[in-house]
Amino acid sequence: MINYLSIDLESWASPNLPEYVRLSSSEKKRLDNGHIKKSALEILRILKKNKTKLTFFIVGQLYEWYPEVVEKIASEGHEIAYHTHAHDFLVNKKTLIGSIEKSKKFIQRYKPIGFRAPRIYLKTDHLSVLKKFNFKYDSSTYGSFYHSKKINDILELPVSTIGKIPIGSGYFIGALGKHIQWAYKEINKKDIPVISFIHNWQILRPTEPSFPSNQYLLSHPHYLPYLMNCASTFNYLLKQFRFIPMKNLIQ
């Protein structure tokens, strides 16, 4: 059975952490302290060892930080997809258009056809914007693979759930570790592929003392599964299941 595990490549100092929302690109890069580059190279090493090609949903801003890293991901045969310019929360169409326009160089260089919104949040009427910029598929919802459908010529590919539990999310990979295999097997038994994702900073944990701040954890204890080191789980999944890039789903 073929499944679809993707990497959301982003800085851990993302807008999901409220104390970093107003930081400039250069401030985030300094705080990230090279972790993007280190984590991406480690993931590529693991994928090469396991002879697996995946989809990388990449924050466009990272192309400004480390263009050589994005280029290496592409040169090793992985799909380059888009995850907004600066991990932007898409409150309206204007936000999405502005985000895409800021990533002009990244998009012109790699011509991504896949899109994933941060927080898996994208309104249906935003899909017309994705069509305008030549995207072919979106993975910004949760649901069964049976719910995959075309809207405004954009194929919506939901991140997998069992019931209402989003087991395809990085959160549940962190929470369940290798036990996530049970969910994969349950879905595959129905001859349905699993669509899932994991963040680069889950596979190679940042060593910066501010990841994340103690203040954030006290007010958001649900963030704890994201602190689990998922390197061994990632390796385990690659050995137990077959994965290919998501672009294959539209062919």
# chains A, B, ... in the order shown; residues from 1 in each chain; ligands from 1

$ closest_atom_pairs --of "stretch 95-166 of chain A" --to "stretch 238-248 of chain A" --cutoff "12 Å" --atoms "only C-alpha atoms" --output "tab-separated table"
residue	atom	partner	partner_atom	distance
A:Pro112	CA	A:Lys247	CA	9.6
A:Ile113	CA	A:Lys247	CA	7.6
A:Gly114	CA	A:Lys247	CA	7.1
A:Phe115	CA	A:Met246	CA	10.5
A:Arg116	CA	A:Met246	CA	11.5
A:Phe135	CA	A:Lys247	CA	10.8
A:Lys136	CA	A:Lys247	CA	8.7
A:Tyr137	CA	A:Lys247	CA	8.0
A:Asp138	CA	A:Met246	CA	10.0
A:Ser139	CA	A:Met246	CA	9.5
A:Leu155	CA	A:Lys247	CA	10.5
A:Glu156	CA	A:Met246	CA	11.4
A:Leu157	CA	A:Met246	CA	9.0
A:Pro158	CA	A:Met246	CA	11.4
A:Val159	CA	A:Met246	CA	11.4

$ select_by_dssp --residues "stretch 2-132 of chain A" --states "helix (DSSP H, G or I)" --output "PyMOL selection string"
chain A and resi 18-20+25-32+35-49+61-65+67-75+93-102+104-110+118-120+124-132

$ residues_around --residues "A:Phe57" --least-positions-apart "6" --cutoff "10 Å" --atoms "only C-alpha atoms" --output "list of chain:residue names"
A:Ser6, A:Ile7, A:Asp8, A:Leu9, A:Glu10, A:Glu79, A:Ile80, A:Ala81, A:Tyr82, A:His83, A:Thr84, A:Pro112, A:Gly114, A:Phe115, A:Arg116, A:Ala117, A:Ser139, A:Phe197, A:His199

$ write_last_selection --atoms "N, CA and C atoms" --output "PDB file, in the first residue's frame"
ATOM      1  N   SER A   6       4.485  13.699   4.371  1.00  0.00           N
ATOM      2  CA  SER A   6       5.180  14.894   3.890  1.00  0.00           C
ATOM      3  C   SER A   6       5.862  15.615   5.048  1.00  0.00           C
ATOM      4  N   ILE A   7       6.793  16.491   4.685  1.00  0.00           N
ATOM      5  CA  ILE A   7       7.533  17.297   5.652  1.00  0.00           C
ATOM      6  C   ILE A   7       7.068  18.737   5.562  1.00  0.00           C
ATOM      7  N   ASP A   8       6.607  19.301   6.657  1.00  0.00           N
ATOM      8  CA  ASP A   8       6.356  20.743   6.725  1.00  0.00           C
ATOM      9  C   ASP A   8       7.656  21.390   7.175  1.00  0.00           C
ATOM     10  N   LEU A   9       8.370  22.009   6.235  1.00  0.00           N
ATOM     11  CA  LEU A   9       9.680  22.589   6.535  1.00  0.00           C
ATOM     12  C   LEU A   9       9.502  24.050   6.919  1.00  0.00           C
ATOM     13  N   GLU A  10       9.750  24.338   8.183  1.00  0.00           N
ATOM     14  CA  GLU A  10       9.532  25.678   8.723  1.00  0.00           C
ATOM     15  C   GLU A  10      10.441  25.898   9.921  1.00  0.00           C
ATOM     16  N   GLU A  79       9.641  16.343  -3.942  1.00  0.00           N
ATOM     17  CA  GLU A  79       8.713  17.356  -4.445  1.00  0.00           C
ATOM     18  C   GLU A  79       8.799  18.617  -3.595  1.00  0.00           C
ATOM     19  N   ILE A  80       8.863  19.765  -4.257  1.00  0.00           N
ATOM     20  CA  ILE A  80       8.833  21.051  -3.568  1.00  0.00           C
ATOM     21  C   ILE A  80       7.408  21.597  -3.630  1.00  0.00           C
ATOM     22  N   ALA A  81       6.763  21.716  -2.482  1.00  0.00           N
ATOM     23  CA  ALA A  81       5.421  22.292  -2.378  1.00  0.00           C
ATOM     24  C   ALA A  81       5.504  23.524  -1.484  1.00  0.00           C
ATOM     25  N   TYR A  82       4.386  24.214  -1.308  1.00  0.00           N
ATOM     26  CA  TYR A  82       4.396  25.549  -0.690  1.00  0.00           C
ATOM     27  C   TYR A  82       3.584  25.586   0.591  1.00  0.00           C
ATOM     28  N   HIS A  83       4.134  26.306   1.599  1.00  0.00           N
ATOM     29  CA  HIS A  83       3.536  26.373   2.939  1.00  0.00           C
ATOM     30  C   HIS A  83       3.416  27.836   3.398  1.00  0.00           C
ATOM     31  N   THR A  84       3.072  28.720   2.481  1.00  0.00           N
ATOM     32  CA  THR A  84       3.001  30.186   2.633  1.00  0.00           C
ATOM     33  C   THR A  84       4.403  30.787   2.771  1.00  0.00           C
ATOM     34  N   PRO A 112       5.789  25.207  -7.600  1.00  0.00           N
ATOM     35  CA  PRO A 112       5.082  24.197  -6.796  1.00  0.00           C
ATOM     36  C   PRO A 112       3.630  24.065  -7.225  1.00  0.00           C
ATOM     37  N   GLY A 114       1.628  21.974  -5.190  1.00  0.00           N
ATOM     38  CA  GLY A 114       0.966  21.583  -3.953  1.00  0.00           C
ATOM     39  C   GLY A 114       1.004  22.685  -2.915  1.00  0.00           C
ATOM     40  N   PHE A 115      -0.059  22.800  -2.135  1.00  0.00           N
ATOM     41  CA  PHE A 115      -0.161  23.848  -1.112  1.00  0.00           C
ATOM     42  C   PHE A 115      -0.692  23.250   0.182  1.00  0.00           C
ATOM     43  N   ARG A 116      -0.148  23.735   1.300  1.00  0.00           N
ATOM     44  CA  ARG A 116      -0.712  23.403   2.620  1.00  0.00           C
ATOM     45  C   ARG A 116      -0.691  24.663   3.470  1.00  0.00           C
ATOM     46  N   ALA A 117      -1.826  24.999   4.038  1.00  0.00           N
ATOM     47  CA  ALA A 117      -1.933  26.184   4.890  1.00  0.00           C
ATOM     48  C   ALA A 117      -1.486  25.861   6.309  1.00  0.00           C
ATOM     49  N   SER A 139      -3.715  20.535   0.599  1.00  0.00           N
ATOM     50  CA  SER A 139      -3.866  19.580   1.700  1.00  0.00           C
ATOM     51  C   SER A 139      -3.992  20.361   2.996  1.00  0.00           C
ATOM     52  N   PHE A 197       1.683  14.247   7.921  1.00  0.00           N
ATOM     53  CA  PHE A 197       2.809  15.185   7.853  1.00  0.00           C
ATOM     54  C   PHE A 197       3.519  15.247   9.195  1.00  0.00           C
ATOM     55  N   HIS A 199       6.801  17.810  11.135  1.00  0.00           N
ATOM     56  CA  HIS A 199       7.637  18.998  11.002  1.00  0.00           C
ATOM     57  C   HIS A 199       9.114  18.644  11.112  1.00  0.00           C
TER      58      HIS A 199
END

$ closest_residue --among "A:Gly77, A:Ser24, A:Ser144, A:Ser39" --to "A:Gln61" --atoms "only C-alpha atoms"
A:Ser24

$ residues_around --residues "A:Ser232" --least-positions-apart "5" --cutoff "10 Å" --atoms "only C-alpha atoms" --output "compact mmCIF listing (two decimals) with N, CA and C atoms, in the first residue's frame"
# COMPACT_ATOMS: atom_id res chain seq x y z
N GLY A 177 4.03 8.33 18.90
CA GLY A 177 5.31 7.71 18.55
C GLY A 177 5.10 6.55 17.59
N LYS A 178 5.83 5.46 17.81
CA LYS A 178 5.74 4.31 16.90
C LYS A 178 4.37 3.64 16.93
N ILE A 203 11.71 16.08 13.98
CA ILE A 203 12.66 15.02 13.64
C ILE A 203 14.04 15.33 14.20
N LEU A 237 8.64 4.56 10.53
CA LEU A 237 7.59 4.64 9.53
C LEU A 237 8.13 4.41 8.12
N LEU A 238 9.30 4.97 7.85
CA LEU A 238 9.90 4.80 6.52
C LEU A 238 10.25 3.34 6.25

$ residues_around --residues "stretch 221-228 of chain A" --least-positions-apart "6" --cutoff "6 Å" --atoms "only C-alpha atoms" --output "CSV table (one decimal) with all heavy atoms, in the first residue's frame"
chain,number,residue,atom,x,y,z
A,171,TYR,N,1.1,16.4,15.3
A,171,TYR,CA,0.8,16.4,16.7
A,171,TYR,C,0.6,14.9,17.2
A,171,TYR,O,1.1,14.5,18.2
A,171,TYR,CB,-0.5,17.2,16.9
A,171,TYR,CG,-0.9,17.3,18.4
A,171,TYR,CD1,-0.4,18.3,19.2
A,171,TYR,CD2,-1.7,16.4,19.0
A,171,TYR,CE1,-0.8,18.5,20.5
A,171,TYR,CE2,-2.1,16.5,20.3
A,171,TYR,CZ,-1.6,17.5,21.1
A,171,TYR,OH,-2.0,17.7,22.4
A,174,GLY,N,3.7,12.8,17.2
A,174,GLY,CA,4.5,13.1,18.4
A,174,GLY,C,3.9,12.5,19.6
A,174,GLY,O,4.6,12.0,20.5
A,175,ALA,N,2.6,12.5,19.7
A,175,ALA,CA,1.9,11.9,20.9
A,175,ALA,C,1.9,10.4,21.0
A,175,ALA,O,2.1,9.8,22.0
A,175,ALA,CB,0.4,12.4,20.9

$ closest_residue --among "A:Leu62, A:Ile195, A:Leu176, A:Ile151" --to "A:His87" --atoms "only C-alpha atoms"
A:Leu62

$ select_by_dssp --residues "stretch 61-245 of chain A" --states "strand (DSSP E or B)" --output "ChimeraX atom specification"
/A:79-82,114-115,137-138,142,149-151,154-156,159,162,165,195-199,242-243

$ write_last_selection --atoms "C-alpha atoms" --output "short mmCIF file (atom, residue, chain, number, x, y, z; two decimals), in the first residue's frame"
data_model
loop_
_atom_site.label_atom_id
_atom_site.label_comp_id
_atom_site.auth_asym_id
_atom_site.auth_seq_id
_atom_site.Cartn_x
_atom_site.Cartn_y
_atom_site.Cartn_z
CA GLU A 79 8.71 17.36 -4.44
CA ILE A 80 8.83 21.05 -3.57
CA ALA A 81 5.42 22.29 -2.38
CA TYR A 82 4.40 25.55 -0.69
CA GLY A 114 0.97 21.58 -3.95
CA PHE A 115 -0.16 23.85 -1.11
CA TYR A 137 -3.77 20.42 -5.17
CA ASP A 138 -4.26 21.50 -1.57
CA TYR A 142 -8.62 16.89 7.85
CA LYS A 149 -12.48 16.11 -4.39
CA LYS A 150 -11.86 18.88 -6.88
CA ILE A 151 -13.02 22.39 -5.98
CA ILE A 154 -7.94 22.27 -7.11
CA LEU A 155 -7.81 18.70 -5.79
CA GLU A 156 -8.35 18.76 -2.02
CA VAL A 159 -4.83 14.85 6.06
CA ILE A 162 -9.87 8.07 12.19
CA ILE A 165 -9.08 12.21 15.34
CA ILE A 195 -1.90 11.26 4.15
CA SER A 196 0.20 12.58 7.02
CA PHE A 197 2.81 15.18 7.85
CA ILE A 198 5.57 15.87 10.32
CA HIS A 199 7.64 19.00 11.00
CA ARG A 242 5.94 2.79 1.47
CA PHE A 243 5.73 6.54 0.81
#

$ atom_distance --atom1 "atom CA of A:His220" --atom2 "atom CA of A:Tyr184"
28.1 Å

$ atom_distance --atom1 "atom CA of A:Phe211" --atom2 "atom CA of A:Ala74"
28.3 Å

$ atom_distance --atom1 "atom CA of A:Val194" --atom2 "atom CA of A:Asn3"
5.0 Å

$ residues_around --residues "stretch 118-128 of chain A" --least-positions-apart "6" --cutoff "7 Å" --atoms "only C-alpha atoms" --output "PDB file with C-alpha atoms, in the first residue's frame"
ATOM      1  CA  HIS A  83       3.536  26.373   2.939  1.00  0.00           C
ATOM      2  CA  HIS A  87       3.978  30.466   8.029  1.00  0.00           C
ATOM      3  CA  ASP A  88       1.158  32.979   7.623  1.00  0.00           C
ATOM      4  CA  PHE A  89      -2.253  32.441   9.184  1.00  0.00           C
ATOM      5  CA  LEU A  90      -4.641  32.948   6.258  1.00  0.00           C
ATOM      6  CA  LYS A  93      -7.841  36.028   0.377  1.00  0.00           C
ATOM      7  CA  SER A 140      -5.317  21.994   4.257  1.00  0.00           C
ATOM      8  CA  THR A 141      -8.186  19.985   5.705  1.00  0.00           C
ATOM      9  CA  ASN A 152     -12.315  25.183  -8.466  1.00  0.00           C
ATOM     10  CA  ILE A 154      -7.943  22.270  -7.106  1.00  0.00           C
TER      11      ILE A 154
END
